[in-house]
$ cat target_22.txt   # compact mmCIF, C-alpha atoms (C1' of nucleotides)
# COMPACT_ATOMS: atom_id res chain seq x y z
CA MET I 1 0.00 0.00 0.00
CA PRO I 2 1.61 3.24 -1.16
CA ARG I 3 1.82 5.98 1.36
CA GLU I 4 -0.64 8.83 1.02
CA PRO I 5 1.15 12.16 0.52
CA HIS I 6 -1.49 14.40 2.00
CA ALA I 7 -2.84 12.08 4.62
CA PRO I 8 -2.43 13.13 8.28
CA ALA I 9 1.04 11.63 8.41
CA GLU I 10 0.67 8.19 9.81
CA PRO I 11 3.42 8.10 12.42
CA ARG I 12 6.20 5.96 11.09
CA ALA I 13 6.94 2.86 13.12
CA PRO I 14 9.87 3.27 15.52
CA ARG I 15 13.25 2.08 14.42
CA ALA I 16 14.04 -1.49 15.33
CA ASP I 17 16.86 -0.57 17.73
CA ALA I 18 14.68 2.00 19.43
CA GLN I 19 11.97 -0.55 20.03
CA ARG I 20 14.52 -3.04 21.32
CA ASN I 21 15.97 -0.49 23.74
CA ARG I 22 12.53 0.46 24.96
CA ASP I 23 11.78 -3.17 25.72
CA HIS I 24 15.06 -3.63 27.53
CA LEU I 25 14.39 -0.50 29.57
CA LEU I 26 10.97 -1.70 30.60
CA ALA I 27 12.31 -5.10 31.60
CA ALA I 28 15.11 -3.55 33.61
CA ALA I 29 12.73 -1.08 35.24
CA ALA I 30 10.32 -3.87 36.14
CA THR I 31 12.93 -5.78 38.11
CA LEU I 32 14.57 -2.76 39.73
CA VAL I 33 11.32 -1.09 40.71
CA THR I 34 10.08 -4.39 42.10
CA GLU I 35 13.25 -4.73 44.14
CA GLN I 36 13.83 -1.15 45.22
CA GLY I 37 10.57 0.70 44.73
CA THR I 38 9.50 3.67 42.65
CA GLN I 39 12.59 5.61 43.73
CA ALA I 40 15.01 3.18 42.11
CA SER I 41 17.97 4.91 40.50
CA LEU I 42 17.30 5.69 36.86
CA ARG I 43 21.00 5.32 36.18
CA ASP I 44 20.77 1.76 37.44
CA VAL I 45 17.80 1.10 35.19
CA ALA I 46 19.71 2.35 32.15
CA ARG I 47 22.80 0.41 33.15
CA ARG I 48 20.85 -2.80 33.64
CA ALA I 49 19.15 -2.30 30.29
CA GLY I 50 22.58 -1.96 28.70
CA VAL I 51 21.70 1.49 27.47
CA GLY I 52 22.90 5.04 27.94
CA LEU I 53 21.19 7.44 30.31
CA GLY I 54 20.19 9.68 27.42
CA THR I 55 18.35 6.80 25.81
CA LEU I 56 16.32 6.24 28.94
CA TYR I 57 15.31 9.89 29.14
CA ARG I 58 14.39 9.99 25.47
CA HIS I 59 12.01 7.07 25.84
CA PHE I 60 10.70 8.11 29.24
CA PRO I 61 11.19 11.83 29.84
CA THR I 62 10.00 11.58 33.43
CA ARG I 63 9.95 8.90 36.08
CA GLU I 64 6.17 8.98 35.91
CA ASP I 65 6.29 8.10 32.22
CA LEU I 66 8.29 5.03 33.05
CA LEU I 67 5.95 4.01 35.85
CA GLU I 68 2.97 4.60 33.63
CA ALA I 69 4.39 2.19 31.08
CA LEU I 70 5.07 -0.28 33.88
CA LEU I 71 1.59 -0.04 35.36
CA GLY I 72 -0.44 0.36 32.21
CA ARG I 73 -1.58 -3.21 31.67
CA ARG I 74 -2.09 -3.89 35.34
CA PHE I 75 -4.43 -0.95 35.73
CA GLU I 76 -6.24 -1.59 32.46
CA HIS I 77 -7.04 -4.98 33.84
CA LEU I 78 -8.22 -3.52 37.11
CA ALA I 79 -10.55 -1.10 35.36
CA ALA I 80 -12.05 -3.93 33.35
CA ARG I 81 -12.38 -5.94 36.53
CA ALA I 82 -14.65 -3.27 37.97
CA ASP I 83 -17.16 -3.83 35.20
CA THR I 84 -16.97 -7.59 35.58
CA LEU I 85 -17.64 -7.35 39.28
CA ALA I 86 -20.46 -4.90 38.73
CA ALA I 87 -22.12 -7.38 36.39
CA THR I 88 -21.66 -10.50 38.49
CA GLU I 89 -21.73 -9.50 42.14
CA PRO I 90 -24.09 -7.64 44.43
CA ALA I 91 -23.19 -3.95 44.62
CA GLU I 92 -21.60 -4.01 48.06
CA ARG I 93 -19.58 -7.10 47.38
CA ALA I 94 -18.45 -5.73 44.04
CA LEU I 95 -17.23 -2.52 45.66
CA THR I 96 -15.35 -4.13 48.53
CA ASP I 97 -13.78 -6.79 46.35
CA TRP I 98 -12.63 -4.23 43.83
CA LEU I 99 -11.28 -1.90 46.49
CA HIS I 100 -9.37 -4.77 47.97
CA GLU I 101 -7.79 -5.55 44.64
CA PHE I 102 -7.03 -1.90 44.13
CA THR I 103 -5.16 -1.63 47.41
CA LEU I 104 -3.08 -4.61 46.37
CA ASP I 105 -2.18 -3.09 43.03
CA ALA I 106 -1.56 0.34 44.50
CA GLY I 107 0.94 -1.30 46.81
CA ALA I 108 2.61 -3.32 44.09
CA TYR I 109 5.80 -1.30 44.38
CA HIS I 110 7.35 0.37 47.39
CA GLY I 111 6.55 4.05 47.18
CA LEU I 112 3.72 3.60 44.72
CA PRO I 113 0.87 4.79 46.96
CA ALA I 114 2.64 8.11 47.44
CA THR I 115 3.28 8.43 43.73
CA LEU I 116 -0.32 7.72 42.87
CA MET I 117 -1.63 10.10 45.49
CA ALA I 118 0.63 12.88 44.26
CA THR I 119 -0.93 12.75 40.80
CA LEU I 120 -4.06 14.31 42.26
CA SER I 121 -2.24 17.63 42.41
CA ASP I 122 -0.37 17.22 39.14
CA PRO I 123 -2.51 16.91 35.99
CA GLU I 124 0.66 16.91 33.89
CA SER I 125 1.81 13.61 35.32
CA ALA I 126 1.68 10.65 32.99
CA LEU I 127 -0.04 8.77 35.77
CA HIS I 128 -2.81 11.30 36.13
CA ALA I 129 -5.00 9.78 33.44
CA LEU I 130 -4.42 6.31 34.81
CA CYS I 131 -5.51 7.38 38.28
CA LEU I 132 -8.49 9.21 36.88
CA ARG I 133 -9.69 6.01 35.25
CA MET I 134 -9.27 4.20 38.55
CA ARG I 135 -11.36 6.83 40.30
CA GLN I 136 -14.02 6.53 37.66
CA ALA I 137 -14.08 2.75 37.83
CA GLY I 138 -14.35 2.88 41.60
CA GLY I 139 -16.89 5.66 41.31
CA ARG I 140 -19.25 3.50 39.31
CA LEU I 141 -19.16 0.74 41.89
CA LEU I 142 -19.57 3.33 44.61
CA ALA I 143 -22.64 4.88 42.99
CA ALA I 144 -24.27 1.49 42.64
CA ALA I 145 -23.63 0.67 46.28
CA GLN I 146 -24.96 4.03 47.37
CA GLN I 147 -28.02 3.49 45.22
CA GLU I 148 -28.74 0.39 47.25
CA GLY I 149 -28.16 2.29 50.47
CA VAL I 150 -25.26 0.16 51.68
CA ILE I 151 -22.75 3.00 51.52
CA ARG I 152 -23.17 6.49 52.98
CA PRO I 153 -24.20 9.03 50.37
CA ASP I 154 -21.60 11.59 51.46
CA VAL I 155 -18.70 9.43 50.30
CA THR I 156 -17.12 10.54 47.02
CA ALA I 157 -14.97 8.65 44.55
CA LEU I 158 -12.13 10.89 45.63
CA ASP I 159 -12.63 9.90 49.25
CA LEU I 160 -12.49 6.29 48.19
CA PHE I 161 -9.32 6.77 46.19
CA ALA I 162 -7.62 8.61 49.03
CA LEU I 163 -8.60 6.06 51.67
CA ALA I 164 -7.62 3.07 49.55
CA ASN I 165 -4.26 4.63 48.81
CA ALA I 166 -3.80 5.45 52.46
CA LEU I 167 -4.41 1.81 53.35
CA SER I 168 -1.83 0.71 50.81
CA TRP I 169 0.52 3.32 52.17
CA ILE I 170 0.28 1.96 55.70
CA THR I 171 1.65 -1.45 54.84
CA ASP I 172 4.03 0.07 52.33
CA GLN I 173 5.49 2.34 54.95
CA ALA I 174 5.46 -0.07 57.88
CA PRO I 175 5.81 -3.69 56.76
CA THR I 176 5.29 -4.58 60.41
CA LEU I 177 1.61 -3.81 59.94
CA ALA I 178 1.20 -6.17 57.00
CA GLU I 179 -0.69 -8.58 59.22
CA ARG I 180 -3.17 -5.87 60.23
CA ARG I 181 -3.79 -5.01 56.61
CA ASP I 182 -7.10 -6.76 56.12
CA HIS I 183 -8.27 -5.75 59.55
CA LEU I 184 -7.61 -2.07 58.86
CA PHE I 185 -9.29 -2.47 55.50
CA ARG I 186 -12.44 -3.73 57.17
CA LEU I 187 -12.37 -0.99 59.80
CA VAL I 188 -12.19 1.74 57.20
CA LEU I 189 -14.81 0.14 55.04
CA ASP I 190 -17.17 -0.12 57.96
CA GLY I 191 -16.89 3.62 58.35
CA LEU I 192 -18.39 4.02 54.91
CA ARG I 193 -21.57 2.20 55.78
CA PRO I 194 -24.59 4.21 56.84
CA ARG I 195 -25.23 4.17 60.54
CA PRO I 196 -28.67 2.79 61.23
CA MET N 1 30.65 22.35 95.46
CA PRO N 2 33.88 20.54 94.64
CA ARG N 3 33.62 17.85 92.01
CA GLU N 4 33.60 14.29 93.24
CA PRO N 5 36.49 12.28 91.84
CA HIS N 6 34.89 8.89 91.94
CA ALA N 7 31.33 9.90 91.35
CA PRO N 8 29.60 8.66 88.18
CA ALA N 9 30.98 11.58 86.17
CA GLU N 10 28.31 14.22 86.06
CA PRO N 11 28.29 15.16 82.36
CA ARG N 12 30.00 18.51 82.04
CA ALA N 13 27.89 21.28 80.55
CA PRO N 14 28.46 21.85 76.84
CA ARG N 15 30.81 24.59 75.76
CA ALA N 16 29.18 27.94 75.18
CA ASP N 17 29.91 28.00 71.45
CA ALA N 18 28.57 24.49 71.06
CA GLN N 19 25.33 25.46 72.76
CA ARG N 20 25.06 28.56 70.59
CA ASN N 21 25.58 26.56 67.41
CA ARG N 22 23.03 24.03 68.49
CA ASP N 23 20.48 26.76 69.01
CA HIS N 24 21.23 28.30 65.64
CA LEU N 25 20.89 24.92 63.97
CA LEU N 26 17.52 24.30 65.56
CA ALA N 27 16.24 27.72 64.54
CA ALA N 28 17.45 27.23 60.97
CA ALA N 29 15.98 23.76 60.84
CA ALA N 30 12.65 25.00 62.14
CA THR N 31 12.23 27.49 59.33
CA LEU N 32 13.58 25.28 56.55
CA VAL N 33 11.61 22.22 57.59
CA THR N 34 8.49 24.34 57.88
CA GLU N 35 9.06 25.70 54.38
CA GLN N 36 10.32 22.59 52.60
CA GLY N 37 9.35 19.62 54.73
CA THR N 38 11.30 16.89 56.46
CA GLN N 39 13.43 16.35 53.37
CA ALA N 40 14.96 19.81 53.46
CA SER N 41 18.63 19.86 52.52
CA LEU N 42 20.85 19.50 55.56
CA ARG N 43 23.48 21.58 53.81
CA ASP N 44 20.97 24.41 53.61
CA VAL N 45 20.20 24.03 57.29
CA ALA N 46 23.89 24.30 58.17
CA ARG N 47 24.38 27.21 55.79
CA ARG N 48 21.43 29.10 57.20
CA ALA N 49 22.66 28.47 60.72
CA GLY N 50 26.00 29.95 59.70
CA VAL N 51 27.75 26.73 60.60
CA GLY N 52 29.77 24.03 58.88
CA LEU N 53 28.23 20.79 57.75
CA GLY N 54 30.41 18.85 60.18
CA THR N 55 28.99 20.85 63.05
CA LEU N 56 25.48 19.92 62.08
CA TYR N 57 26.31 16.22 61.93
CA ARG N 58 28.09 16.34 65.27
CA HIS N 59 25.06 17.81 66.99
CA PHE N 60 22.51 15.74 65.08
CA PRO N 61 24.09 12.58 63.67
CA THR N 62 20.94 11.68 61.75
CA ARG N 63 18.06 13.59 60.24
CA GLU N 64 15.79 11.89 62.75
CA ASP N 65 17.81 13.33 65.61
CA LEU N 66 17.22 16.79 64.24
CA LEU N 67 13.51 16.18 63.80
CA GLU N 68 13.28 14.73 67.26
CA ALA N 69 14.72 17.92 68.70
CA LEU N 70 12.30 19.92 66.58
CA LEU N 71 9.25 17.93 67.62
CA GLY N 72 10.13 17.22 71.21
CA ARG N 73 8.19 19.95 72.97
CA ARG N 74 5.24 19.72 70.64
CA PHE N 75 4.78 16.02 71.33
CA GLU N 76 5.43 16.34 75.04
CA HIS N 77 2.55 18.75 75.08
CA LEU N 78 0.38 16.37 73.10
CA ALA N 79 1.08 13.52 75.48
CA ALA N 80 0.15 15.70 78.45
CA ARG N 81 -2.96 16.79 76.62
CA ALA N 82 -4.14 13.18 76.51
CA ASP N 83 -4.23 13.04 80.27
CA THR N 84 -5.99 16.38 80.52
CA LEU N 85 -8.67 15.25 78.10
CA ALA N 86 -9.04 11.93 79.89
CA ALA N 87 -9.70 13.79 83.12
CA THR N 88 -12.09 16.38 81.80
CA GLU N 89 -14.02 14.85 78.91
CA PRO N 90 -16.15 11.77 78.37
CA ALA N 91 -14.09 8.90 77.01
CA GLU N 92 -15.31 9.07 73.44
CA ARG N 93 -14.94 12.82 73.19
CA ALA N 94 -11.49 12.66 74.76
CA LEU N 95 -10.34 10.09 72.21
CA THR N 96 -11.66 11.84 69.13
CA ASP N 97 -10.43 15.25 70.23
CA TRP N 98 -6.99 13.93 70.96
CA LEU N 99 -6.81 12.00 67.71
CA HIS N 100 -7.78 15.13 65.87
CA GLU N 101 -5.01 17.09 67.49
CA PHE N 102 -2.60 14.29 66.78
CA THR N 103 -3.37 14.31 63.08
CA LEU N 104 -2.71 18.04 63.04
CA ASP N 105 0.66 17.66 64.75
CA ALA N 106 1.62 14.66 62.65
CA GLY N 107 1.03 16.80 59.59
CA ALA N 108 2.95 19.78 60.94
CA TYR N 109 5.67 19.35 58.35
CA HIS N 110 5.47 18.05 54.83
CA GLY N 111 6.72 14.49 54.87
CA LEU N 112 6.28 14.07 58.59
CA PRO N 113 3.58 11.37 58.50
CA ALA N 114 5.85 9.15 56.44
CA THR N 115 8.77 9.78 58.78
CA LEU N 116 6.69 8.96 61.86
CA MET N 117 5.27 5.84 60.28
CA ALA N 118 8.70 4.60 59.31
CA THR N 119 9.84 4.62 62.94
CA LEU N 120 7.61 1.61 63.55
CA SER N 121 10.13 -0.53 61.71
CA ASP N 122 13.21 1.20 63.07
CA PRO N 123 13.70 1.06 66.84
CA GLU N 124 17.06 2.81 66.43
CA SER N 125 15.43 5.98 65.18
CA ALA N 126 15.52 8.94 67.52
CA LEU N 127 11.82 9.38 66.84
CA HIS N 128 10.96 5.86 67.90
CA ALA N 129 10.61 6.71 71.58
CA LEU N 130 8.57 9.78 70.77
CA CYS N 131 6.15 7.76 68.66
CA LEU N 132 5.96 5.08 71.29
CA ARG N 133 4.80 7.65 73.82
CA MET N 134 2.19 8.86 71.37
CA ARG N 135 0.92 5.33 70.93
CA GLN N 136 0.76 4.88 74.68
CA ALA N 137 -1.05 8.16 75.23
CA GLY N 138 -3.56 7.27 72.52
CA GLY N 139 -3.77 3.76 73.87
CA ARG N 140 -4.93 4.98 77.28
CA LEU N 141 -7.73 6.99 75.73
CA LEU N 142 -8.58 4.07 73.49
CA ALA N 143 -8.81 1.65 76.39
CA ALA N 144 -11.14 3.96 78.27
CA ALA N 145 -13.40 4.35 75.25
CA GLN N 146 -13.45 0.59 74.70
CA GLN N 147 -14.26 0.11 78.37
CA GLU N 148 -17.36 2.19 77.81
CA GLY N 149 -18.20 0.22 74.71
CA VAL N 150 -18.08 3.15 72.30
CA ILE N 151 -15.12 1.77 70.35
CA ARG N 152 -14.79 -1.73 68.93
CA PRO N 153 -12.67 -3.98 71.11
CA ASP N 154 -10.59 -5.26 68.20
CA VAL N 155 -8.94 -1.91 67.61
CA THR N 156 -5.38 -1.62 68.90
CA ALA N 157 -3.28 1.41 69.71
CA LEU N 158 -1.17 0.50 66.71
CA ASP N 159 -4.23 0.54 64.46
CA LEU N 160 -5.05 3.97 65.79
CA PHE N 161 -1.55 5.26 65.21
CA ALA N 162 -1.47 3.93 61.69
CA LEU N 163 -4.87 5.29 60.74
CA ALA N 164 -4.22 8.71 62.23
CA ASN N 165 -0.93 8.94 60.39
CA ALA N 166 -2.60 7.79 57.21
CA LEU N 167 -5.15 10.59 57.53
CA SER N 168 -2.39 13.13 58.00
CA TRP N 169 -0.61 11.64 55.04
CA ILE N 170 -3.59 12.12 52.76
CA THR N 171 -3.68 15.88 53.12
CA ASP N 172 0.10 16.01 53.26
CA GLN N 173 0.36 14.21 49.95
CA ALA N 174 -2.58 15.84 48.18
CA PRO N 175 -3.23 19.37 49.42
CA THR N 176 -6.26 19.28 47.15
CA LEU N 177 -7.96 17.08 49.71
CA ALA N 178 -7.42 19.48 52.59
CA GLU N 179 -11.09 20.38 52.53
CA ARG N 180 -12.11 16.74 52.89
CA ARG N 181 -9.81 16.33 55.85
CA ASP N 182 -12.39 16.52 58.63
CA HIS N 183 -14.85 14.51 56.61
CA LEU N 184 -12.38 11.68 56.09
CA PHE N 185 -11.48 11.86 59.74
CA ARG N 186 -15.11 11.31 60.70
CA LEU N 187 -15.52 8.47 58.22
CA VAL N 188 -12.56 6.58 59.58
CA LEU N 189 -13.56 7.21 63.16
CA ASP N 190 -17.03 5.89 62.49
CA GLY N 191 -15.45 2.66 61.38
CA LEU N 192 -14.04 2.22 64.86
CA ARG N 193 -17.44 2.29 66.52
CA PRO N 194 -19.14 -1.00 67.33
CA ARG N 195 -21.92 -1.86 64.95
CA PRO N 196 -25.15 -2.27 66.85
C1' DG K 1 48.83 32.63 80.84
C1' DA K 2 49.52 27.94 79.41
C1' DT K 3 47.40 23.30 78.40
C1' DT K 4 44.22 20.44 76.47
C1' DA K 5 40.08 18.42 75.27
C1' DA K 6 36.20 19.85 72.94
C1' DC K 7 34.79 21.86 69.01
C1' DC K 8 34.80 23.75 64.42
C1' DG K 9 34.49 24.06 59.20
C1' DG K 10 34.64 22.52 54.75
C1' DA K 11 37.20 19.68 51.28
C1' DG K 12 36.19 15.41 49.37
C1' DC K 13 33.71 11.07 47.99
C1' DA K 14 30.06 8.64 46.05
C1' DG K 15 25.74 8.92 44.67
C1' DT K 16 21.50 11.32 42.45
C1' DG K 17 18.40 13.66 38.47
C1' DC K 18 18.70 15.69 34.19
C1' DT K 19 20.71 18.03 29.78
C1' DC K 20 23.21 18.37 25.90
C1' DC K 21 25.66 17.18 21.74
C1' DG K 22 29.06 14.69 18.81
C1' DA K 23 29.13 10.00 17.09
C1' DT K 24 26.56 6.14 15.30
C1' DT K 25 23.17 3.46 12.85
C1' DG K 26 18.77 1.92 10.83
C1' DT K 27 15.98 2.92 6.84
C1' DC K 28 14.46 4.19 2.49
C1' DA K 29 15.16 6.20 -2.18
C1' DA K 30 17.92 6.13 -6.07
C1' DT L 1 24.07 -1.85 -3.72
C1' DT L 2 24.86 2.28 -2.22
C1' DG L 3 24.37 6.49 -0.69
C1' DA L 4 22.26 10.16 2.35
C1' DC L 5 19.92 11.63 6.25
C1' DA L 6 17.03 11.59 10.00
C1' DA L 7 16.45 9.04 13.99
C1' DT L 8 18.79 7.24 17.61
C1' DC L 9 22.46 6.53 20.74
C1' DG L 10 25.66 7.05 24.85
C1' DG L 11 27.94 9.26 28.29
C1' DA L 12 30.50 13.51 29.76
C1' DG L 13 29.14 17.18 32.54
C1' DC L 14 26.52 20.16 35.89
C1' DA L 15 24.37 20.99 40.10
C1' DC L 16 22.76 18.90 43.77
C1' DT L 17 22.45 15.40 47.74
C1' DG L 18 24.04 12.71 52.32
C1' DC L 19 27.87 11.77 54.94
C1' DT L 20 32.97 11.33 56.60
C1' DC L 21 37.18 12.78 57.93
C1' DC L 22 40.80 15.58 59.76
C1' DG L 23 43.89 19.76 60.38
C1' DG L 24 43.10 24.03 62.62
C1' DT L 25 40.70 26.84 66.33
C1' DT L 26 38.93 28.04 70.81
C1' DA L 27 36.64 27.84 75.24
C1' DA L 28 37.23 26.18 79.77
C1' DT L 29 40.40 24.82 83.39
C1' DC L 30 44.57 24.70 86.26
$ encode --input "target_22.txt" --output "structure tokens"
Amino acid sequence: MPREPHAPAEPRAPRADAQRNRDHLLAAAATLVTEQGTQASLRDVARRAGVGLGTLYRHFPTREDLLEALLGRRFEHLAARADTLAATEPAERALTDWLHEFTLDAGAYHGLPATLMATLSDPESALHALCLRMRQAGGRLLAAAQQEGVIRPDVTALDLFALANALSWITDQAPTLAERRDHLFRLVLDGLRPRP
Amino acid sequence: MPREPHAPAEPRAPRADAQRNRDHLLAAAATLVTEQGTQASLRDVARRAGVGLGTLYRHFPTREDLLEALLGRRFEHLAARADTLAATEPAERALTDWLHEFTLDAGAYHGLPATLMATLSDPESALHALCLRMRQAGGRLLAAAQQEGVIRPDVTALDLFALANALSWITDQAPTLAERRDHLFRLVLDGLRPRP
DNA sequence: GATTAACCGGAGCAGTGCTCCGATTGTCAA
DNA sequence: TTGACAATCGGAGCACTGCTCCGGTTAATC
């Protein structure tokens, strides 16, 4: 198929070496961020990927861009999961199950809860859109639960996002409390129920 | 009074210049930490105090030591306040009021909630003892409230500490949510009440 | 006023994030 | 096949960080 001269310039596919480097960077980032958290040294990531520092910054201008690439699939899946749960579970169960899964994902890497929370104040962050979709997904489940009267009406999707992140943050910050994790989760969730 | 040769060596008072430098360092730290948070550059602190970097590290070997000195009085006061409230208010009121004040103090500096939370896993930290006293003060109020049956019995002082810090962390991390602060506080607190 | 232990300051090291630009290389037309 | 060129690369370099170490200074004491 010949290229169309006046067409809106279909972006040419990236060069093979560029694609290869990008893949190597993502693989290196995945292991290092898993081991050391979201604050892992970018120099180390480049080194492990067998690539110069400039190459890393060209592919991922900010740390958030790199994290976004790392978290993309995981969070896509989580958003889809919200709809699945909404279709197959009672509203309350759907909400609590999804929130539970969200707290697990939000705590996937050390330092991630803080990074996610910070995007609230920074619309420029590459993670902002990702977090927005999470809030919307959670918001739908929340609305359904509120419709049924099992969750207080004065709880917003933002409240939910903040509290879920805060729960992830607790165990992220103090591994000692890992065993209290589910207990704290239940305590906070109980606070969202209407008082009879 | 002549000094006693064999006595357990009463620690000699610090040299005047040392005391002066210490004061300057604390003043500089107070302003810089207020402006920039617990991660303020220690070089800047020393510079502002008109003192060498070595001097800072001699007086405060770790960042936590510096913060401990900065927070000492404030937290002493908070611990005392717990007893005052216990003596003058009904148990539930005493607990919620104190927790509210705690969340304010824990959020006094940007980054402080995270620093406080981290001491749970680090008994060597200079802040560890300070946090322990906070947990004990809160624990006394908690026990009284549980005695009266207004707080669930499966809530521990550690749970309380973690949740209060998490609440402080939310507004610390996302200033946007400052207006939801009291609302979130009430939500979480409601979760601690026994369900009828 | 002399002695000395306590104290001081900052040079120096290893690490960080990020930029910038000369060298290299994949790709596509001739 | 062979250019030519744009896309891509890699790391030197800058400004910053935490922290150590040690020769010089000074306050307190005899």
$ closest_atom_pairs --input "target_22.txt" --of "chain N" --to "chain K" --cutoff "9 Å" --atoms "only C-alpha atoms (C1' of nucleotides)" --output "CSV"
residue,atom,partner,partner_atom,distance
N:Pro14,CA,K:DA6,C1',8.9
N:Arg15,CA,K:DA6,C1',7.7
N:Asp17,CA,K:DC7,C1',8.2
N:Ala18,CA,K:DC7,C1',7.1
N:Val51,CA,K:DG9,C1',7.4
N:Gly52,CA,K:DG9,C1',4.7
N:Leu53,CA,K:DG9,C1',7.2
N:Gly54,CA,K:DG9,C1',6.7
N:Thr55,CA,K:DC8,C1',6.6
$ interface_residues --input "target_22.txt" --of "chain L" --to "chain I" --cutoff "8 Å" --atoms "all atoms listed in the file" --output "number ranges by chain"
L: 7-11
$ interface_residues --input "target_22.txt" --of "chain N" --to "chain I" --cutoff "8 Å" --atoms "all atoms listed in the file" --output "PyMOL selection string"
chain N and resi 114+117-118+120-121+159+162-163+166-167+169-170+173-176+180+184+187-192
$ write_last_selection --input "target_22.txt" --atoms "C-alpha atoms" --output "PDB file, keeping the file's coordinate frame"
ATOM      1  CA  ALA N 114       5.850   9.150  56.440  1.00  0.00           C
ATOM      2  CA  MET N 117       5.270   5.840  60.280  1.00  0.00           C
ATOM      3  CA  ALA N 118       8.700   4.600  59.310  1.00  0.00           C
ATOM      4  CA  LEU N 120       7.610   1.610  63.550  1.00  0.00           C
ATOM      5  CA  SER N 121      10.130  -0.530  61.710  1.00  0.00           C
ATOM      6  CA  ASP N 159      -4.230   0.540  64.460  1.00  0.00           C
ATOM      7  CA  ALA N 162      -1.470   3.930  61.690  1.00  0.00           C
ATOM      8  CA  LEU N 163      -4.870   5.290  60.740  1.00  0.00           C
ATOM      9  CA  ALA N 166      -2.600   7.790  57.210  1.00  0.00           C
ATOM     10  CA  LEU N 167      -5.150  10.590  57.530  1.00  0.00           C
ATOM     11  CA  TRP N 169      -0.610  11.640  55.040  1.00  0.00           C
ATOM     12  CA  ILE N 170      -3.590  12.120  52.760  1.00  0.00           C
ATOM     13  CA  GLN N 173       0.360  14.210  49.950  1.00  0.00           C
ATOM     14  CA  ALA N 174      -2.580  15.840  48.180  1.00  0.00           C
ATOM     15  CA  PRO N 175      -3.230  19.370  49.420  1.00  0.00           C
ATOM     16  CA  THR N 176      -6.260  19.280  47.150  1.00  0.00           C
ATOM     17  CA  ARG N 180     -12.110  16.740  52.890  1.00  0.00           C
ATOM     18  CA  LEU N 184     -12.380  11.680  56.090  1.00  0.00           C
ATOM     19  CA  LEU N 187     -15.520   8.470  58.220  1.00  0.00           C
ATOM     20  CA  VAL N 188     -12.560   6.580  59.580  1.00  0.00           C
ATOM     21  CA  LEU N 189     -13.560   7.210  63.160  1.00  0.00           C
ATOM     22  CA  ASP N 190     -17.030   5.890  62.490  1.00  0.00           C
ATOM     23  CA  GLY N 191     -15.450   2.660  61.380  1.00  0.00           C
ATOM     24  CA  LEU N 192     -14.040   2.220  64.860  1.00  0.00           C
TER      25      LEU N 192
END
$ residues_around --input "target_22.txt" --residues "Leu112 of chain N" --least-positions-apart "5" --cutoff "7 Å" --atoms "only C-alpha atoms (C1' of nucleotides)" --output "number ranges by chain"
N: 38, 106-107
$ residues_around --input "target_22.txt" --residues "Phe75 of chain N" --least-positions-apart "3" --cutoff "8 Å" --atoms "only C-alpha atoms (C1' of nucleotides)" --output "list in words"
Leu71, Gly72, Leu78, Ala79, Asp105, Leu130 and Met134 of chain N
$ residues_near_point --input "target_22.txt" --point "(15.4, 1.8, 31.7)" --cutoff "10 Å" --atoms "only C-alpha atoms (C1' of nucleotides)" --output "number ranges by chain"
I: 21-30, 32, 41-53, 55-57, 59-60, 63, 66
$ atom_distance --input "target_22.txt" --atom1 "atom CA of Arg20 of chain N" --atom2 "atom CA of Gln36 of chain N"
24.0 Å
$ residues_near_point --input "target_22.txt" --point "(10.3, 4.1, 44.0)" --cutoff "8 Å" --atoms "only C-alpha atoms (C1' of nucleotides)" --output "list in words"
Val33, Gln36, Gly37, Thr38, Gln39, Ala40, Tyr109, His110, Gly111 and Leu112 of chain I
